[in-house]
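> Pasting a structure here, questions to come.
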Amino acid sequence: MARHDSKTGTVAEFFKTIFYAGLIAVGIHTFLYEPFFIPSGSMVPTLLVGDYLFVNKFAYGYSHYSFPFAPDIFSGRIMGKLPPRGAVVVFRPPGLPNEDFIKRVIGLPGDTVQVTGGQLYINGQLVPRTFVGNYTDTSSGGPVEAKDYIETLPNGKSHAILKETDGGFANNTPLYTVPAGDLFMMGDNRDDSEDSRFMDGPVGYVPLENVIGPADMIFFSIDLQHPFFEFWYWPAEIRWDRMFHKIS
């Protein structure tokens, strides 16, 4: 009888351990850090297709989008904080609230934002950029030749952007005024990003409530040319220089 009780206790302890491990995992995922995969080239050259990164869930407070399955249990943000201009942020676009997008914060509430002749203007002031060199973008398949610039935002935040052209709607937009409680988002790959410049698209102005958090660090990156299960190709495909790379 004692032997039977011992086995029962062992099984109970096993399931208790699994339960607590699950709670810890859900807690970390909900309140601390969430992994995120980059599936498209809209943030090249800052982020590449195949980057895996951690999103900081507590930096700007919590909304119902912070929780698994985004249950509509409250509105607004708890311990909310405004993201700084230039932050790379994961959010739920208003037009696709069940999907995660990642872009850079360009406009804060009350700002005016416009792109004219490929040049970005914030609150009527030209955002300066410095040419770095030519860049071959392969994020969408075939190689696309672009120009790499360093752009410096009004708060002094500098980051890389890609430009293929200065023509077309994305480079000659209306004047946008960011509503209170919203953000204006843009991808660093300026001519290959569906963002706040396209008000009839899924992004538009992004409510602060829809923000998940800033992208903190790349913990893994792979230029996957073969099926994922063919792991013997990984050593040649892993981007070792991007491992544990801080995102800025």
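Residue names in the structure tokens use chain letters A, B, ... in the order shown, residue numbers from 1 in each chain, and ligand numbers from 1 in the order shown.
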Write out as an MDAnalysis selection string each polymer residue whose atoms come within 6 Å of Leu208 in chain A, counting only C-alpha atoms; drop sequence neighbours fewer than 3 positions from it.

chainID A and resid 181:182 211

> Can you list, as a list in words, every protein, DNA or RNA residue that comes within 7 Å of range 91-100 of chain A when you count only C-alpha atoms, leaving out same-chain residues fewer than 2 positions away?

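Counting only C-alpha atoms, the residues come to Val89, Ile102, Pro202, Val203, Val206, Asn210, Val211 and Ile212 of chain A.
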
> May I have the selected residues written with C-alpha atoms, as a compact mmCIF listing (two decimals), in the first residue's frame?


```
# COMPACT_ATOMS: atom_id res chain seq x y z
CA VAL A 89 7.95 48.49 -31.77
CA ILE A 102 6.89 45.62 -36.40
CA PRO A 202 -4.22 47.85 -42.24
CA VAL A 203 -1.84 50.11 -40.28
CA VAL A 206 -1.73 53.05 -34.47
CA ASN A 210 -2.30 48.32 -29.75
CA VAL A 211 1.39 48.46 -28.83
CA ILE A 212 2.89 45.20 -27.55
```

> Find the residues near range 157-163 of chain A: any atom within 7 Å, counting only C-alpha atoms, skip ones fewer than 5 places away on the same chain, and give them as a compact mmCIF listing (two decimals) with C-alpha atoms, in the first residue's frame.


```
# COMPACT_ATOMS: atom_id res chain seq x y z
CA PRO A 45 18.53 46.83 -43.00
CA THR A 46 17.79 47.03 -39.25
CA GLY A 86 12.63 56.10 -33.09
CA ALA A 146 18.92 50.40 -52.96
CA LYS A 147 20.76 53.16 -51.15
CA ASP A 148 21.62 52.95 -47.47
CA TYR A 149 21.26 56.12 -45.36
CA ILE A 150 21.58 57.04 -41.71
CA GLU A 151 18.56 59.12 -40.71
CA THR A 152 18.60 61.30 -37.57
CA ASP A 188 13.11 51.32 -42.33
CA ASN A 189 12.86 49.80 -45.82
CA ARG A 190 11.02 52.90 -46.95
CA ASP A 191 9.95 51.68 -50.39
CA SER A 248 18.39 50.25 -32.20
```

> With only C-alpha atoms as the atoms that count, which of A:Glu230, A:Gly124, A:Gln119, A:Val113 lies nearest to Leu175 in chain A?

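Result for the nearest residue to Leu175 in chain A: A:Val113.
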
> Residues at most 10 Å from Pro83 in chain A, counting only C-alpha atoms, excluding those fewer than 5 positions away in the same chain, as a PyMOL selection string?

chain A and resi 59-60+88-89+105+108+183+208+211+213-214

> Deliver the residues from the most recent selection as a file, using all heavy atoms, as an mmCIF file, in the first residue's frame.


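And here's out.cif as it stands now:
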```cif
data_model
loop_
_atom_site.group_PDB
_atom_site.id
_atom_site.type_symbol
_atom_site.label_atom_id
_atom_site.label_comp_id
_atom_site.auth_asym_id
_atom_site.auth_seq_id
_atom_site.Cartn_x
_atom_site.Cartn_y
_atom_site.Cartn_z
ATOM 1 N N ALA A 59 7.898 47.433 -20.933
ATOM 2 C CA ALA A 59 8.505 48.759 -21.117
ATOM 3 C C ALA A 59 7.470 49.873 -21.189
ATOM 4 O O ALA A 59 7.681 50.963 -20.638
ATOM 5 C CB ALA A 59 9.375 48.769 -22.369
ATOM 6 N N TYR A 60 6.337 49.621 -21.866
ATOM 7 C CA TYR A 60 5.323 50.660 -22.054
ATOM 8 C C TYR A 60 4.019 50.322 -21.339
ATOM 9 O O TYR A 60 2.974 50.892 -21.652
ATOM 10 C CB TYR A 60 5.036 50.859 -23.542
ATOM 11 C CG TYR A 60 6.267 51.094 -24.391
ATOM 12 C CD1 TYR A 60 6.365 50.552 -25.668
ATOM 13 C CD2 TYR A 60 7.333 51.867 -23.925
ATOM 14 C CE1 TYR A 60 7.491 50.760 -26.451
ATOM 15 C CE2 TYR A 60 8.452 52.071 -24.703
ATOM 16 C CZ TYR A 60 8.533 51.518 -25.970
ATOM 17 O OH TYR A 60 9.647 51.729 -26.739
ATOM 18 N N VAL A 88 11.813 50.824 -32.129
ATOM 19 C CA VAL A 88 11.308 49.746 -32.983
ATOM 20 C C VAL A 88 10.305 48.958 -32.148
ATOM 21 O O VAL A 88 10.662 48.383 -31.110
ATOM 22 C CB VAL A 88 12.448 48.839 -33.469
ATOM 23 C CG1 VAL A 88 11.902 47.674 -34.287
ATOM 24 C CG2 VAL A 88 13.447 49.646 -34.294
ATOM 25 N N VAL A 89 9.054 48.939 -32.609
ATOM 26 C CA VAL A 89 7.951 48.485 -31.774
ATOM 27 C C VAL A 89 7.119 47.418 -32.477
ATOM 28 O O VAL A 89 6.843 47.523 -33.678
ATOM 29 C CB VAL A 89 7.052 49.693 -31.399
ATOM 30 C CG1 VAL A 89 5.734 49.246 -30.794
ATOM 31 C CG2 VAL A 89 7.786 50.607 -30.423
ATOM 32 N N VAL A 105 8.691 53.881 -34.606
ATOM 33 C CA VAL A 105 7.865 55.033 -34.228
ATOM 34 C C VAL A 105 8.487 56.288 -34.827
ATOM 35 O O VAL A 105 9.616 56.662 -34.493
ATOM 36 C CB VAL A 105 7.770 55.175 -32.695
ATOM 37 C CG1 VAL A 105 6.969 56.423 -32.335
ATOM 38 C CG2 VAL A 105 7.127 53.935 -32.078
ATOM 39 N N LEU A 108 4.709 61.092 -33.010
ATOM 40 C CA LEU A 108 4.043 61.001 -31.715
ATOM 41 C C LEU A 108 2.747 61.803 -31.752
ATOM 42 O O LEU A 108 2.506 62.571 -32.697
ATOM 43 C CB LEU A 108 4.973 61.532 -30.625
ATOM 44 C CG LEU A 108 6.326 60.814 -30.480
ATOM 45 C CD1 LEU A 108 7.188 61.524 -29.432
ATOM 46 C CD2 LEU A 108 6.118 59.355 -30.127
ATOM 47 N N LEU A 183 0.044 56.706 -32.740
ATOM 48 C CA LEU A 183 1.419 56.797 -33.221
ATOM 49 C C LEU A 183 1.437 56.688 -34.736
ATOM 50 O O LEU A 183 0.532 56.103 -35.334
ATOM 51 C CB LEU A 183 2.266 55.668 -32.623
ATOM 52 C CG LEU A 183 2.393 55.601 -31.101
ATOM 53 C CD1 LEU A 183 3.061 54.295 -30.682
ATOM 54 C CD2 LEU A 183 3.163 56.790 -30.563
ATOM 55 N N LEU A 208 -2.135 53.724 -29.080
ATOM 56 C CA LEU A 208 -1.185 53.276 -28.066
ATOM 57 C C LEU A 208 -1.611 51.954 -27.454
ATOM 58 O O LEU A 208 -0.769 51.142 -27.054
ATOM 59 C CB LEU A 208 -1.053 54.344 -26.980
ATOM 60 C CG LEU A 208 -0.333 55.636 -27.392
ATOM 61 C CD1 LEU A 208 -0.486 56.694 -26.305
ATOM 62 C CD2 LEU A 208 1.140 55.365 -27.653
ATOM 63 N N VAL A 211 -0.050 48.720 -28.940
ATOM 64 C CA VAL A 211 1.386 48.461 -28.834
ATOM 65 C C VAL A 211 1.644 47.273 -27.910
ATOM 66 O O VAL A 211 1.111 47.211 -26.797
ATOM 67 C CB VAL A 211 2.113 49.715 -28.320
ATOM 68 C CG1 VAL A 211 3.566 49.400 -27.995
ATOM 69 C CG2 VAL A 211 2.049 50.833 -29.362
ATOM 70 N N GLY A 213 5.131 46.131 -27.415
ATOM 71 C CA GLY A 213 6.350 46.536 -26.727
ATOM 72 C C GLY A 213 7.490 46.720 -27.695
ATOM 73 O O GLY A 213 7.383 46.413 -28.892
ATOM 74 N N PRO A 214 8.622 47.234 -27.212
ATOM 75 C CA PRO A 214 9.783 47.449 -28.080
ATOM 76 C C PRO A 214 10.544 46.154 -28.333
ATOM 77 O O PRO A 214 10.604 45.264 -27.477
ATOM 78 C CB PRO A 214 10.638 48.435 -27.276
ATOM 79 C CG PRO A 214 10.312 48.119 -25.854
ATOM 80 C CD PRO A 214 8.854 47.718 -25.836
#
```

> So how many Å separate CA of Asp166 in chain A and CA of Arg129 in chain A, to one decimal?

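Separation of CA of Asp166 in chain A and CA of Arg129 in chain A: 13.6 Å.
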
> Set the distance at 8 Å and use only C-alpha atoms: which residues neighbour Gly118 in chain A once local chain neighbours fewer than 2 positions away are removed? I'd like the list as a PyMOL selection string.

chain A and resi 115-116+120+165-167+170-172

> If you run DSSP on the backbone here, which positions in range 39-239 of chain A get strand (DSSP E or B)? Please write them as a ChimeraX atom specification.

/A:51-56,62,78,88-91,101-107,112-116,119-122,125-126,129-137,144-152,158-163,172,176-177,182-186,189,206-207,211-222,238

> Which residue is closest to Met79 in chain A? Choose from A:Gly117, A:Glu209, A:Asp195, A:Pro35 and count only C-alpha atoms.

A:Glu209

> Rounded to one decimal, what separation in Å do you get between CA of Ser139 in chain A and CA of Val49 in chain A?

6.2 Å

> Which of range 121-247 of chain A end up as alpha helix (DSSP H) when DSSP is run on this backbone - answer as a PDB file with N, CA and C atoms, in the first residue's frame?


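Output saved as states18.pdb:
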```
ATOM      1  N   TRP A 234      22.482  24.295 -41.169  1.00  0.00           N
ATOM      2  CA  TRP A 234      22.409  25.452 -40.290  1.00  0.00           C
ATOM      3  C   TRP A 234      23.742  26.167 -40.076  1.00  0.00           C
ATOM      4  N   PRO A 235      24.845  25.460 -39.822  1.00  0.00           N
ATOM      5  CA  PRO A 235      26.085  26.199 -39.531  1.00  0.00           C
ATOM      6  C   PRO A 235      26.451  27.219 -40.604  1.00  0.00           C
ATOM      7  N   ALA A 236      26.135  26.900 -41.867  1.00  0.00           N
ATOM      8  CA  ALA A 236      26.462  27.825 -42.954  1.00  0.00           C
ATOM      9  C   ALA A 236      25.397  28.902 -43.130  1.00  0.00           C
ATOM     10  N   GLU A 237      24.188  28.675 -42.595  1.00  0.00           N
ATOM     11  CA  GLU A 237      23.081  29.605 -42.800  1.00  0.00           C
ATOM     12  C   GLU A 237      22.811  30.506 -41.604  1.00  0.00           C
TER      13      GLU A 237
END
```

> Let me make sure I understand: among A:Thr138, A:Thr173, A:Ser63, A:Ser221, which one has the smallest atom-to-atom distance to Tyr121 in chain A if we use only C-alpha atoms?

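Among the listed residues, the smallest separation from Tyr121 in chain A belongs to A:Thr173.
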